[in-house]
Structures are given as structure tokens and as C-alpha cells.
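Peer 1: Sharing model.pdb (PDB, C-alpha atoms) below.
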MODEL        1
ATOM      1  CA  MET A 163       3.597 -28.986   3.153
ATOM      2  CA  ASP A 164       2.094 -28.154   6.542
ATOM      3  CA  PRO A 165      -1.714 -28.354   6.633
ATOM      4  CA  MET A 166      -3.737 -25.131   6.648
ATOM      5  CA  VAL A 167      -5.078 -24.317  10.111
ATOM      6  CA  ILE A 168      -8.354 -22.406  10.371
ATOM      7  CA  ASP A 169     -10.609 -21.402  13.238
ATOM      8  CA  LEU A 170     -14.375 -21.654  12.685
ATOM      9  CA  ASN A 171     -16.349 -19.114  14.714
ATOM     10  CA  ALA A 172     -20.017 -18.222  15.167
ATOM     11  CA  ASP A 173     -22.014 -15.612  17.068
ATOM     12  CA  LEU A 174     -23.735 -17.283  20.018
ATOM     13  CA  GLY A 175     -25.669 -16.460  23.178
ATOM     14  CA  GLU A 176     -27.906 -14.030  21.303
ATOM     15  CA  GLY A 177     -31.151 -14.934  23.008
ATOM     16  CA  PHE A 178     -32.704 -12.505  25.470
ATOM     17  CA  GLY A 179     -35.130 -13.341  28.246
ATOM     18  CA  ILE A 180     -37.829 -15.650  26.860
ATOM     19  CA  TRP A 181     -36.689 -15.082  23.260
ATOM     20  CA  ARG A 182     -34.342 -17.612  21.725
ATOM     21  CA  LEU A 183     -32.202 -16.963  18.672
ATOM     22  CA  GLY A 184     -30.275 -19.769  17.018
ATOM     23  CA  ASP A 185     -29.312 -23.204  18.288
ATOM     24  CA  ASP A 186     -26.306 -22.509  20.479
ATOM     25  CA  LEU A 187     -25.758 -26.081  21.636
ATOM     26  CA  ALA A 188     -25.801 -27.489  18.116
ATOM     27  CA  LEU A 189     -23.380 -24.828  16.891
ATOM     28  CA  LEU A 190     -21.048 -25.405  19.830
ATOM     29  CA  ASP A 191     -20.652 -28.990  18.609
ATOM     30  CA  ILE A 192     -19.403 -27.622  15.264
ATOM     31  CA  VAL A 193     -17.347 -24.458  15.806
ATOM     32  CA  THR A 194     -13.963 -23.994  17.459
ATOM     33  CA  SER A 195     -14.635 -20.468  18.771
ATOM     34  CA  ALA A 196     -17.815 -18.872  20.146
ATOM     35  CA  ASN A 197     -18.422 -15.121  19.962
ATOM     36  CA  VAL A 198     -20.622 -14.684  23.025
ATOM     37  CA  ALA A 199     -23.022 -11.724  23.086
ATOM     38  CA  CYS A 200     -22.300  -9.500  26.076
ATOM     39  CA  GLY A 201     -25.773  -8.110  26.777
ATOM     40  CA  PHE A 202     -25.572  -4.861  24.805
ATOM     41  CA  HIS A 203     -26.923  -6.086  21.451
ATOM     42  CA  ALA A 204     -28.273  -9.409  22.715
ATOM     43  CA  GLY A 205     -27.786 -11.867  25.536
ATOM     44  CA  ASP A 206     -28.603 -11.731  29.233
ATOM     45  CA  PRO A 207     -26.828 -13.076  32.328
ATOM     46  CA  VAL A 208     -28.491 -16.509  32.217
ATOM     47  CA  THR A 209     -27.867 -16.905  28.491
ATOM     48  CA  ILE A 210     -24.244 -15.818  28.862
ATOM     49  CA  ARG A 211     -23.736 -18.259  31.741
ATOM     50  CA  ARG A 212     -25.285 -21.181  29.862
ATOM     51  CA  THR A 213     -23.366 -20.433  26.676
ATOM     52  CA  CYS A 214     -20.043 -20.124  28.470
ATOM     53  CA  ALA A 215     -20.637 -23.323  30.432
ATOM     54  CA  ALA A 216     -21.524 -25.240  27.275
ATOM     55  CA  ALA A 217     -18.468 -23.854  25.468
ATOM     56  CA  VAL A 218     -16.186 -24.890  28.325
ATOM     57  CA  ASP A 219     -17.708 -28.386  28.331
ATOM     58  CA  ARG A 220     -16.910 -28.748  24.617
ATOM     59  CA  GLY A 221     -13.472 -27.144  24.654
ATOM     60  CA  VAL A 222     -14.631 -24.243  22.473
ATOM     61  CA  ALA A 223     -12.765 -20.941  22.821
ATOM     62  CA  ILE A 224     -14.849 -18.071  24.214
ATOM     63  CA  GLY A 225     -14.747 -14.587  22.727
ATOM     64  CA  ALA A 226     -16.474 -11.476  24.040
ATOM     65  CA  GLN A 227     -18.647 -10.067  21.261
ATOM     66  CA  VAL A 228     -18.822  -6.434  22.305
ATOM     67  CA  SER A 229     -21.347  -4.076  20.755
ATOM     68  CA  TYR A 230     -22.984  -0.696  20.784
ATOM     69  CA  ARG A 231     -25.661  -0.400  23.473
ATOM     70  CA  ASP A 232     -28.488  -1.244  21.064
ATOM     71  CA  LEU A 233     -30.785  -4.082  22.107
ATOM     72  CA  ALA A 234     -33.672  -2.828  19.981
ATOM     73  CA  GLY A 235     -31.548  -2.707  16.846
ATOM     74  CA  PHE A 236     -29.542  -5.865  17.572
ATOM     75  CA  GLY A 237     -26.389  -3.770  17.466
ATOM     76  CA  ARG A 238     -26.758  -3.198  13.737
ATOM     77  CA  ARG A 239     -27.421   0.543  13.902
ATOM     78  CA  GLU A 240     -24.353   2.732  13.664
ATOM     79  CA  MET A 241     -24.018   5.086  16.613
ATOM     80  CA  ASP A 242     -21.832   8.089  17.432
ATOM     81  CA  VAL A 243     -20.454   7.369  20.883
ATOM     82  CA  GLU A 244     -17.795   9.479  22.575
ATOM     83  CA  PRO A 245     -14.470   7.584  22.765
ATOM     84  CA  GLU A 246     -14.332   7.531  26.572
ATOM     85  CA  GLU A 247     -17.886   6.235  26.783
ATOM     86  CA  LEU A 248     -17.316   3.595  24.105
ATOM     87  CA  CYS A 249     -14.102   2.465  25.784
ATOM     88  CA  ALA A 250     -15.901   2.131  29.129
ATOM     89  CA  GLU A 251     -18.823   0.238  27.582
ATOM     90  CA  VAL A 252     -16.516  -2.225  25.814
ATOM     91  CA  LEU A 253     -14.546  -2.703  29.040
ATOM     92  CA  TYR A 254     -17.798  -3.313  30.939
ATOM     93  CA  GLN A 255     -18.936  -5.975  28.465
ATOM     94  CA  LEU A 256     -15.566  -7.701  28.320
ATOM     95  CA  ALA A 257     -15.197  -7.845  32.092
ATOM     96  CA  ALA A 258     -18.722  -9.194  32.567
ATOM     97  CA  VAL A 259     -18.409 -12.073  30.110
ATOM     98  CA  ASP A 260     -14.885 -12.942  31.230
ATOM     99  CA  GLY A 261     -16.061 -13.043  34.844
ATOM    100  CA  ILE A 262     -18.892 -15.426  33.985
ATOM    101  CA  ALA A 263     -16.625 -17.526  31.764
ATOM    102  CA  ARG A 264     -14.100 -17.892  34.576
ATOM    103  CA  ALA A 265     -16.833 -18.906  37.010
ATOM    104  CA  MET A 266     -17.732 -21.663  34.539
ATOM    105  CA  GLY A 267     -14.123 -22.869  34.377
ATOM    106  CA  GLY A 268     -13.032 -21.031  31.241
ATOM    107  CA  ARG A 269     -12.045 -17.517  30.214
ATOM    108  CA  VAL A 270     -12.474 -15.003  27.425
ATOM    109  CA  SER A 271      -9.591 -15.545  25.027
ATOM    110  CA  TYR A 272     -10.329 -12.893  22.373
ATOM    111  CA  VAL A 273     -12.598  -9.940  21.558
ATOM    112  CA  LYS A 274     -14.781  -9.462  18.491
ATOM    113  CA  PRO A 275     -16.879  -6.351  17.899
ATOM    114  CA  HIS A 276     -20.403  -7.014  16.668
ATOM    115  CA  GLY A 277     -22.511  -5.619  13.863
ATOM    116  CA  ALA A 278     -22.329  -1.887  13.270
ATOM    117  CA  LEU A 279     -19.437  -1.503  15.707
ATOM    118  CA  TYR A 280     -17.465  -4.163  13.803
ATOM    119  CA  ASN A 281     -17.937  -2.311  10.532
ATOM    120  CA  ARG A 282     -17.308   1.120  12.063
ATOM    121  CA  VAL A 283     -13.989   0.253  13.685
ATOM    122  CA  CYS A 284     -12.714  -1.178  10.416
ATOM    123  CA  ARG A 285     -12.565   2.371   9.034
ATOM    124  CA  ASP A 286     -12.940   4.780  11.991
ATOM    125  CA  ARG A 287      -9.607   5.230  13.758
ATOM    126  CA  GLU A 288     -11.129   7.028  16.775
ATOM    127  CA  GLN A 289     -13.688   4.345  17.538
ATOM    128  CA  ALA A 290     -11.135   1.617  16.785
ATOM    129  CA  ALA A 291      -8.843   3.207  19.355
ATOM    130  CA  ALA A 292     -11.639   3.250  21.940
ATOM    131  CA  VAL A 293     -12.208  -0.482  21.494
ATOM    132  CA  VAL A 294      -8.491  -1.268  21.534
ATOM    133  CA  ASP A 295      -7.947   0.900  24.623
ATOM    134  CA  ALA A 296     -10.613  -1.097  26.469
ATOM    135  CA  VAL A 297      -8.908  -4.356  25.567
ATOM    136  CA  ALA A 298      -5.511  -2.951  26.550
ATOM    137  CA  ASP A 299      -6.887  -1.777  29.896
ATOM    138  CA  TYR A 300      -8.344  -5.182  30.652
ATOM    139  CA  ASN A 301      -5.796  -7.590  29.173
ATOM    140  CA  PRO A 302      -3.495  -6.468  26.353
ATOM    141  CA  SER A 303      -2.734 -10.086  25.421
ATOM    142  CA  LEU A 304      -6.313 -10.618  24.168
ATOM    143  CA  PRO A 305      -6.451 -10.542  20.351
ATOM    144  CA  VAL A 306      -9.095  -8.539  18.500
ATOM    145  CA  LEU A 307     -10.809 -10.359  15.630
ATOM    146  CA  THR A 308     -11.318  -8.116  12.596
ATOM    147  CA  LEU A 309     -11.307  -7.902   8.796
ATOM    148  CA  PRO A 310      -8.040  -7.904   6.838
ATOM    149  CA  GLY A 311      -7.220  -4.322   5.938
ATOM    150  CA  SER A 312      -9.065  -2.913   8.946
ATOM    151  CA  VAL A 313      -7.552   0.140  10.640
ATOM    152  CA  VAL A 314      -7.869  -1.874  13.857
ATOM    153  CA  HIS A 315      -4.695  -3.766  12.934
ATOM    154  CA  GLU A 316      -2.592  -0.588  12.902
ATOM    155  CA  VAL A 317      -4.249   0.928  15.974
ATOM    156  CA  ALA A 318      -3.876  -2.291  17.958
ATOM    157  CA  ALA A 319      -0.236  -2.750  16.963
ATOM    158  CA  ALA A 320       0.566   0.710  18.321
ATOM    159  CA  ALA A 321      -1.096  -0.253  21.615
ATOM    160  CA  GLY A 322       0.606  -3.639  21.852
ATOM    161  CA  VAL A 323      -2.659  -5.536  21.353
ATOM    162  CA  PRO A 324      -2.627  -8.491  18.920
ATOM    163  CA  THR A 325      -5.137  -8.878  16.097
ATOM    164  CA  VAL A 326      -6.427 -11.839  14.099
ATOM    165  CA  ARG A 327      -7.783 -11.619  10.556
ATOM    166  CA  GLU A 328     -11.276 -12.925   9.889
ATOM    167  CA  ALA A 329     -13.297 -13.838   6.786
ATOM    168  CA  PHE A 330     -17.063 -14.379   6.455
ATOM    169  CA  ALA A 331     -18.267 -17.429   4.570
ATOM    170  CA  ASP A 332     -21.907 -16.324   4.527
ATOM    171  CA  ARG A 333     -21.588 -12.579   3.818
ATOM    172  CA  ALA A 334     -21.242 -10.797   0.486
ATOM    173  CA  TYR A 335     -18.116  -8.679  -0.044
ATOM    174  CA  THR A 336     -17.502  -5.415  -1.850
ATOM    175  CA  ALA A 337     -14.574  -5.050  -4.247
ATOM    176  CA  ALA A 338     -12.804  -3.073  -1.490
ATOM    177  CA  GLY A 339     -12.864  -6.087   0.834
ATOM    178  CA  THR A 340     -15.561  -4.756   3.152
ATOM    179  CA  LEU A 341     -18.891  -6.429   3.872
ATOM    180  CA  VAL A 342     -21.936  -5.513   1.812
ATOM    181  CA  SER A 343     -24.470  -3.652   3.952
ATOM    182  CA  ARG A 344     -27.213  -5.851   5.337
ATOM    183  CA  ARG A 345     -29.674  -3.378   3.889
ATOM    184  CA  ALA A 346     -28.653  -4.510   0.385
ATOM    185  CA  ALA A 347     -30.162  -7.532  -1.349
ATOM    186  CA  GLY A 348     -27.920 -10.578  -1.222
ATOM    187  CA  ALA A 349     -25.824  -9.310   1.690
ATOM    188  CA  VAL A 350     -26.241 -12.669   3.462
ATOM    189  CA  VAL A 351     -25.521 -15.857   1.521
ATOM    190  CA  HIS A 352     -27.821 -18.752   2.444
ATOM    191  CA  ASP A 353     -27.040 -21.484  -0.095
ATOM    192  CA  VAL A 354     -25.206 -24.294   1.706
ATOM    193  CA  GLU A 355     -23.086 -25.339  -1.280
ATOM    194  CA  THR A 356     -22.086 -21.760  -2.055
ATOM    195  CA  VAL A 357     -21.174 -20.935   1.537
ATOM    196  CA  SER A 358     -19.119 -24.099   2.074
ATOM    197  CA  ALA A 359     -17.287 -23.673  -1.249
ATOM    198  CA  ARG A 360     -16.485 -20.053  -0.361
ATOM    199  CA  ALA A 361     -15.067 -21.156   2.993
ATOM    200  CA  VAL A 362     -12.735 -23.671   1.367
ATOM    201  CA  ARG A 363     -11.502 -21.090  -1.128
ATOM    202  CA  MET A 364     -10.979 -18.558   1.649
ATOM    203  CA  ALA A 365      -8.928 -21.069   3.617
ATOM    204  CA  LYS A 366      -6.917 -22.537   0.735
ATOM    205  CA  GLU A 367      -6.509 -19.547  -1.603
ATOM    206  CA  GLY A 368      -7.239 -16.532   0.591
ATOM    207  CA  LEU A 369      -9.730 -15.224  -1.983
ATOM    208  CA  VAL A 370     -13.433 -14.524  -2.360
ATOM    209  CA  THR A 371     -15.459 -13.237  -5.303
ATOM    210  CA  SER A 372     -17.120  -9.908  -4.500
ATOM    211  CA  ALA A 373     -20.740  -9.050  -5.267
ATOM    212  CA  ASP A 374     -19.638  -7.333  -8.485
ATOM    213  CA  GLY A 375     -17.350 -10.149  -9.611
ATOM    214  CA  ALA A 376     -13.962  -8.877  -8.434
ATOM    215  CA  GLU A 377     -11.458 -11.243  -6.834
ATOM    216  CA  VAL A 378     -10.810  -9.981  -3.298
ATOM    217  CA  PRO A 379      -7.934 -11.120  -1.028
ATOM    218  CA  VAL A 380      -9.289 -12.281   2.347
ATOM    219  CA  ALA A 381      -6.448 -14.331   3.822
ATOM    220  CA  ALA A 382      -7.594 -15.071   7.375
ATOM    221  CA  ARG A 383      -6.937 -17.295  10.384
ATOM    222  CA  SER A 384     -10.632 -17.493  11.328
ATOM    223  CA  ILE A 385     -13.808 -17.963   9.280
ATOM    224  CA  CYS A 386     -17.219 -16.882  10.585
ATOM    225  CA  VAL A 387     -20.628 -18.415   9.987
ATOM    226  CA  HIS A 388     -23.407 -16.379  11.580
ATOM    227  CA  GLY A 389     -25.508 -18.082  14.238
ATOM    228  CA  ASP A 390     -28.656 -15.964  13.884
ATOM    229  CA  THR A 391     -29.865 -17.231  10.484
ATOM    230  CA  PRO A 392     -32.495 -20.008  10.267
ATOM    231  CA  ASP A 393     -30.091 -22.325   8.440
ATOM    232  CA  ALA A 394     -27.066 -21.567  10.609
ATOM    233  CA  VAL A 395     -26.498 -25.103  11.879
ATOM    234  CA  ALA A 396     -26.681 -26.669   8.412
ATOM    235  CA  LEU A 397     -24.375 -23.994   7.020
ATOM    236  CA  ALA A 398     -21.838 -24.342   9.814
ATOM    237  CA  ARG A 399     -21.853 -28.135   9.577
ATOM    238  CA  ALA A 400     -21.374 -28.019   5.805
ATOM    239  CA  VAL A 401     -18.517 -25.535   6.161
ATOM    240  CA  ARG A 402     -16.828 -27.690   8.775
ATOM    241  CA  ASP A 403     -17.214 -30.870   6.706
ATOM    242  CA  ARG A 404     -15.942 -29.250   3.498
ATOM    243  CA  LEU A 405     -12.940 -27.715   5.243
ATOM    244  CA  LEU A 406     -11.985 -31.060   6.768
ATOM    245  CA  GLU A 407     -12.436 -32.802   3.411
ATOM    246  CA  ALA A 408     -10.097 -30.213   1.889
ATOM    247  CA  GLY A 409      -7.398 -31.105   4.409
ATOM    248  CA  VAL A 410      -7.850 -28.028   6.585
ATOM    249  CA  VAL A 411      -7.154 -28.458  10.289
ATOM    250  CA  LEU A 412      -9.815 -26.797  12.466
ATOM    251  CA  GLN A 413      -8.295 -25.218  15.534
ATOM    252  CA  ALA A 414      -9.059 -22.142  17.637
ATOM    253  CA  PHE A 415      -6.557 -19.297  17.245
ATOM    254  CA  ALA A 416      -6.615 -18.411  20.945
TER     255      ALA A 416
ENDMDL
END
As a first step, turn the structure in this file into C-alpha cells.

Peer 2:
Amino acid sequence: MDPMVIDLNADLGEGFGIWRLGDDLALLDIVTSANVACGFHAGDPVTIRRTCAAAVDRGVAIGAQVSYRDLAGFGRREMDVEPEELCAEVLYQLAAVDGIARAMGGRVSYVKPHGALYNRVCRDREQAAAVVDAVADYNPSLPVLTLPGSVVHEVAAAAGVPTVREAFADRAYTAAGTLVSRRAAGAVVHDVETVSARAVRMAKEGLVTSADGAEVPVAARSICVHGDTPDAVALARAVRDRLLEAGVVLQAFA
């Protein structure tokens, strides 16, 4: 039997100015793909440049983590943005990070919406189309990373844009396969053993237990561990080690 191949991704480059969030360099030694903040929810030109350069040095795939224009809310506040405006703002973010990545010797190889935009485009066909249209305008070969069952898959297929399914090792799930709101208790899972065991089950069985005990299918090519939690490095390292011990091959999807 061929070994299971999984990508391990994390959100990086989320500092801003003098504020630092997470340990990007440590995480880049662990993950296979880096979702780089594009400046709309976090990140600034220097941070983007440093993160892209470090990713290139380590052979880590670079993704543009596009967001609502919401620095104050870290991109976690849902916003009603007209489709043309949202498309233009996603295109702006994607082009900026890809330009910096190319200057550092790499390139953006996929797109992942962040926070509230990620959750919104899973169910909102109009906003999903705006994001997909931006990707199609820039480079229709770039895959969009999204939840299994997201409307993005159908919208992107119609536009000729590929998609990749993603699961979250450190986030609680609803029985419907969506992520539990961060406003709810227990939405983020912090226990290292629990998170790493969930990742192995996601990779090997394509399942996760929801917050209310239901078994939810989450078959995915990429697994995310968030980079903005205090224990992010320990969690990511434990996930990587447990996946390798389980015979999973860690390899970027793009």
C-alpha cells in the first residue's frame, strides 16, 4: 500500500510593526507549507519579506493568506464587502505577496483565505466567487485551500481553478463539518496529545470527532496547526512527529 501523503501548514508572518506574533522561524523548520499573512489582517512588508525569504531557504511552500481588510480585528470579524471590491482586495494581496516571494527566489503556490473570510466563503457562493475570480485573474493554476464540503470547490471548478481540502488539528468541529466559532468555549484545542492524535486520525482515517460527539468526515490533503497560539511550536512539532511515526509522508501539495 502506498504511504499516505499529507501537507502540514501553519499561518505565519502575522506580526505587525514592532509587534511579534508566533515563532515563524521555528515553525518553518516543522511545516511543509506556510500561509503568509498579506497585510490585511496582519503582516507588513518587512515581515512578509522575512517570512518568504526564510520559507525559500527551508524549501517550504508559500501560500498567500488573503483576508478581509481588518487589522484591528485580526481578520476574524465577518464583513459584507461588495464582490468587485473583495475580488480586487484579494487580487491586491495575492500579487503583493507573490511579488515579494519571487524577489526572494520563490513564489506563491496556493491561496488560503483567513479567519472570517475563510468561514464565509465556505457557505457564501457570492463571496466565494469573488475570491476565486481574483485567483483566476492572477493565475488560475493556483489552488485554493478550503474545507471539505465548502462551496468554494464547486465555484472554483466552474472557473477552472483547482482546490485542495484542508483539516484543522487544533480546532473544534461541528457535526456539519464546519469549524466551531472562536467565540465558543473549546473552539481551539490546546492539549498536545489530543491535537497530535487528531491529526493522525485525520490523515489515516479521514475522520474527526465533533464537539458534540459525532463522527465527521474530514478527508484532506493538508492539515493546519495555527501559528498564533502560545503553544504553536510544541503542537506543530508533536503533530509532525506523530504523523511520521504513523507512516505518513509529509509533503507540500503545491

Peer 1: Counting all atoms listed in the file, what are the residues of stretch 331-403 of chain A within 12 Å of stretch 191-206 of chain A, and for each of them which pair of atoms is the nearest and at what distance in Å, to one decimal? Sort the table by chain and rising number, as CSV.

Peer 2:
residue,atom,partner,partner_atom,distance
A:Arg383,CA,A:Ser195,CA,11.8
A:Ser384,CA,A:Ser195,CA,9.0
A:Ile385,CA,A:Ser195,CA,9.9
A:Cys386,CA,A:Val193,CA,9.2
A:Val387,CA,A:Val193,CA,9.0
A:His388,CA,A:Asn197,CA,9.8
A:Gly389,CA,A:Asn197,CA,9.6
A:Asp390,CA,A:Ala204,CA,11.0
A:Ala394,CA,A:Ile192,CA,10.8
A:Val395,CA,A:Ile192,CA,8.3
A:Ala396,CA,A:Ile192,CA,10.0
A:Leu397,CA,A:Ile192,CA,10.3
A:Ala398,CA,A:Ile192,CA,6.8
A:Arg399,CA,A:Ile192,CA,6.2
A:Ala400,CA,A:Ile192,CA,9.7
A:Val401,CA,A:Ile192,CA,9.4
A:Arg402,CA,A:Ile192,CA,7.0
A:Asp403,CA,A:Ile192,CA,9.4

Peer 1: Output the residue selection produced by the PyMOL selection byres ((chain A and resi 271) around 9) on the file above, formatted as number ranges by chain.

Peer 2: A: 223-226, 260, 268-270, 272-273, 303-305, 416

Peer 1: Check what the PyMOL selection byres ((chain A and resi 315-329) around 7) selects in the file above and give those residues as number ranges by chain.

Peer 2: A: 290-291, 294, 298, 302-310, 312-314, 330-331, 380, 382-386

Peer 1: If you count all atoms listed in the file, which residues fall within 12 Å of A:Ala347, apart from same-chain ones fewer than 5 positions away, as a list in words?

Peer 2: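 The filter keeps Arg333, Ala334, Val342 and Ala373 of chain A.
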
Peer 1: Emit the selected residues as a PDB file, keeping the file's coordinate frame, including C-alpha atoms.

Peer 2:
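And here is the file that came out, part33.pdb:
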ATOM      1  CA  ARG A 333     -21.588 -12.579   3.818  1.00  0.00           C
ATOM      2  CA  ALA A 334     -21.242 -10.797   0.486  1.00  0.00           C
ATOM      3  CA  VAL A 342     -21.936  -5.513   1.812  1.00  0.00           C
ATOM      4  CA  ALA A 373     -20.740  -9.050  -5.267  1.00  0.00           C
TER       5      ALA A 373
END

Peer 1: Suppose you want the space between atom CA of A:Leu341 and atom CA of A:Val283; what is it in Å?

Peer 2: 12.8 Å

Peer 1: Report, in Å with one decimal, the straight-line distance from atom CA of A:Asp185 to atom CA of A:Gln227.

Peer 2: 17.2 Å

Peer 1: Where does the PyMOL selection byres ((chain A and resi 364) around 12) land in this file, that is, which residues does it pick, as JSON, numbers by chain?

Peer 2: {"A": [166, 167, 168, 169, 170, 327, 328, 329, 330, 331, 332, 357, 358, 359, 360, 361, 362, 363, 365, 366, 367, 368, 369, 370, 371, 377, 378, 379, 380, 381, 382, 383, 384, 385, 386, 401, 404, 405, 408, 410]}

Peer 1: So how far away is atom CA of A:Ala296 from atom CA of A:Leu253, in Å?

Peer 2: 5.0 Å

Peer 1: Could you please fill out stretch 335-349 of chain A with N, CA and C atoms and send it back as a PDB file, keeping the file's coordinate frame?

Peer 2:
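Resulting contents of rebuild.pdb:
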ATOM      1  N   TYR A 335     -19.209  -9.639  -0.157  1.00  0.00           N
ATOM      2  CA  TYR A 335     -18.116  -8.679  -0.044  1.00  0.00           C
ATOM      3  C   TYR A 335     -18.206  -7.620  -1.142  1.00  0.00           C
ATOM      4  N   THR A 336     -17.699  -6.437  -0.830  1.00  0.00           N
ATOM      5  CA  THR A 336     -17.502  -5.415  -1.850  1.00  0.00           C
ATOM      6  C   THR A 336     -16.127  -5.630  -2.483  1.00  0.00           C
ATOM      7  N   ALA A 337     -15.872  -4.938  -3.592  1.00  0.00           N
ATOM      8  CA  ALA A 337     -14.574  -5.050  -4.247  1.00  0.00           C
ATOM      9  C   ALA A 337     -13.448  -4.499  -3.377  1.00  0.00           C
ATOM     10  N   ALA A 338     -13.796  -3.655  -2.387  1.00  0.00           N
ATOM     11  CA  ALA A 338     -12.804  -3.073  -1.490  1.00  0.00           C
ATOM     12  C   ALA A 338     -12.465  -3.996  -0.320  1.00  0.00           C
ATOM     13  N   GLY A 339     -13.137  -5.149  -0.240  1.00  0.00           N
ATOM     14  CA  GLY A 339     -12.864  -6.087   0.834  1.00  0.00           C
ATOM     15  C   GLY A 339     -13.679  -5.862   2.085  1.00  0.00           C
ATOM     16  N   THR A 340     -14.662  -4.959   2.026  1.00  0.00           N
ATOM     17  CA  THR A 340     -15.561  -4.756   3.152  1.00  0.00           C
ATOM     18  C   THR A 340     -16.829  -5.577   2.937  1.00  0.00           C
ATOM     19  N   LEU A 341     -17.654  -5.665   3.977  1.00  0.00           N
ATOM     20  CA  LEU A 341     -18.891  -6.429   3.872  1.00  0.00           C
ATOM     21  C   LEU A 341     -20.001  -5.584   3.262  1.00  0.00           C
ATOM     22  N   VAL A 342     -20.783  -6.190   2.387  1.00  0.00           N
ATOM     23  CA  VAL A 342     -21.936  -5.513   1.812  1.00  0.00           C
ATOM     24  C   VAL A 342     -22.936  -5.226   2.928  1.00  0.00           C
ATOM     25  N   SER A 343     -23.496  -4.037   2.933  1.00  0.00           N
ATOM     26  CA  SER A 343     -24.470  -3.652   3.952  1.00  0.00           C
ATOM     27  C   SER A 343     -25.626  -4.643   3.993  1.00  0.00           C
ATOM     28  N   ARG A 344     -26.062  -4.959   5.196  1.00  0.00           N
ATOM     29  CA  ARG A 344     -27.213  -5.851   5.337  1.00  0.00           C
ATOM     30  C   ARG A 344     -28.496  -5.265   4.759  1.00  0.00           C
ATOM     31  N   ARG A 345     -28.501  -3.989   4.505  1.00  0.00           N
ATOM     32  CA  ARG A 345     -29.674  -3.378   3.889  1.00  0.00           C
ATOM     33  C   ARG A 345     -29.769  -3.703   2.394  1.00  0.00           C
ATOM     34  N   ALA A 346     -28.684  -4.202   1.817  1.00  0.00           N
ATOM     35  CA  ALA A 346     -28.653  -4.510   0.385  1.00  0.00           C
ATOM     36  C   ALA A 346     -29.081  -5.955   0.139  1.00  0.00           C
ATOM     37  N   ALA A 347     -29.758  -6.174  -0.981  1.00  0.00           N
ATOM     38  CA  ALA A 347     -30.162  -7.532  -1.349  1.00  0.00           C
ATOM     39  C   ALA A 347     -28.934  -8.406  -1.549  1.00  0.00           C
ATOM     40  N   GLY A 348     -29.015  -9.635  -1.051  1.00  0.00           N
ATOM     41  CA  GLY A 348     -27.920 -10.578  -1.222  1.00  0.00           C
ATOM     42  C   GLY A 348     -26.756 -10.396  -0.277  1.00  0.00           C
ATOM     43  N   ALA A 349     -26.921  -9.559   0.749  1.00  0.00           N
ATOM     44  CA  ALA A 349     -25.824  -9.310   1.690  1.00  0.00           C
ATOM     45  C   ALA A 349     -25.460 -10.558   2.485  1.00  0.00           C
TER      46      ALA A 349
END
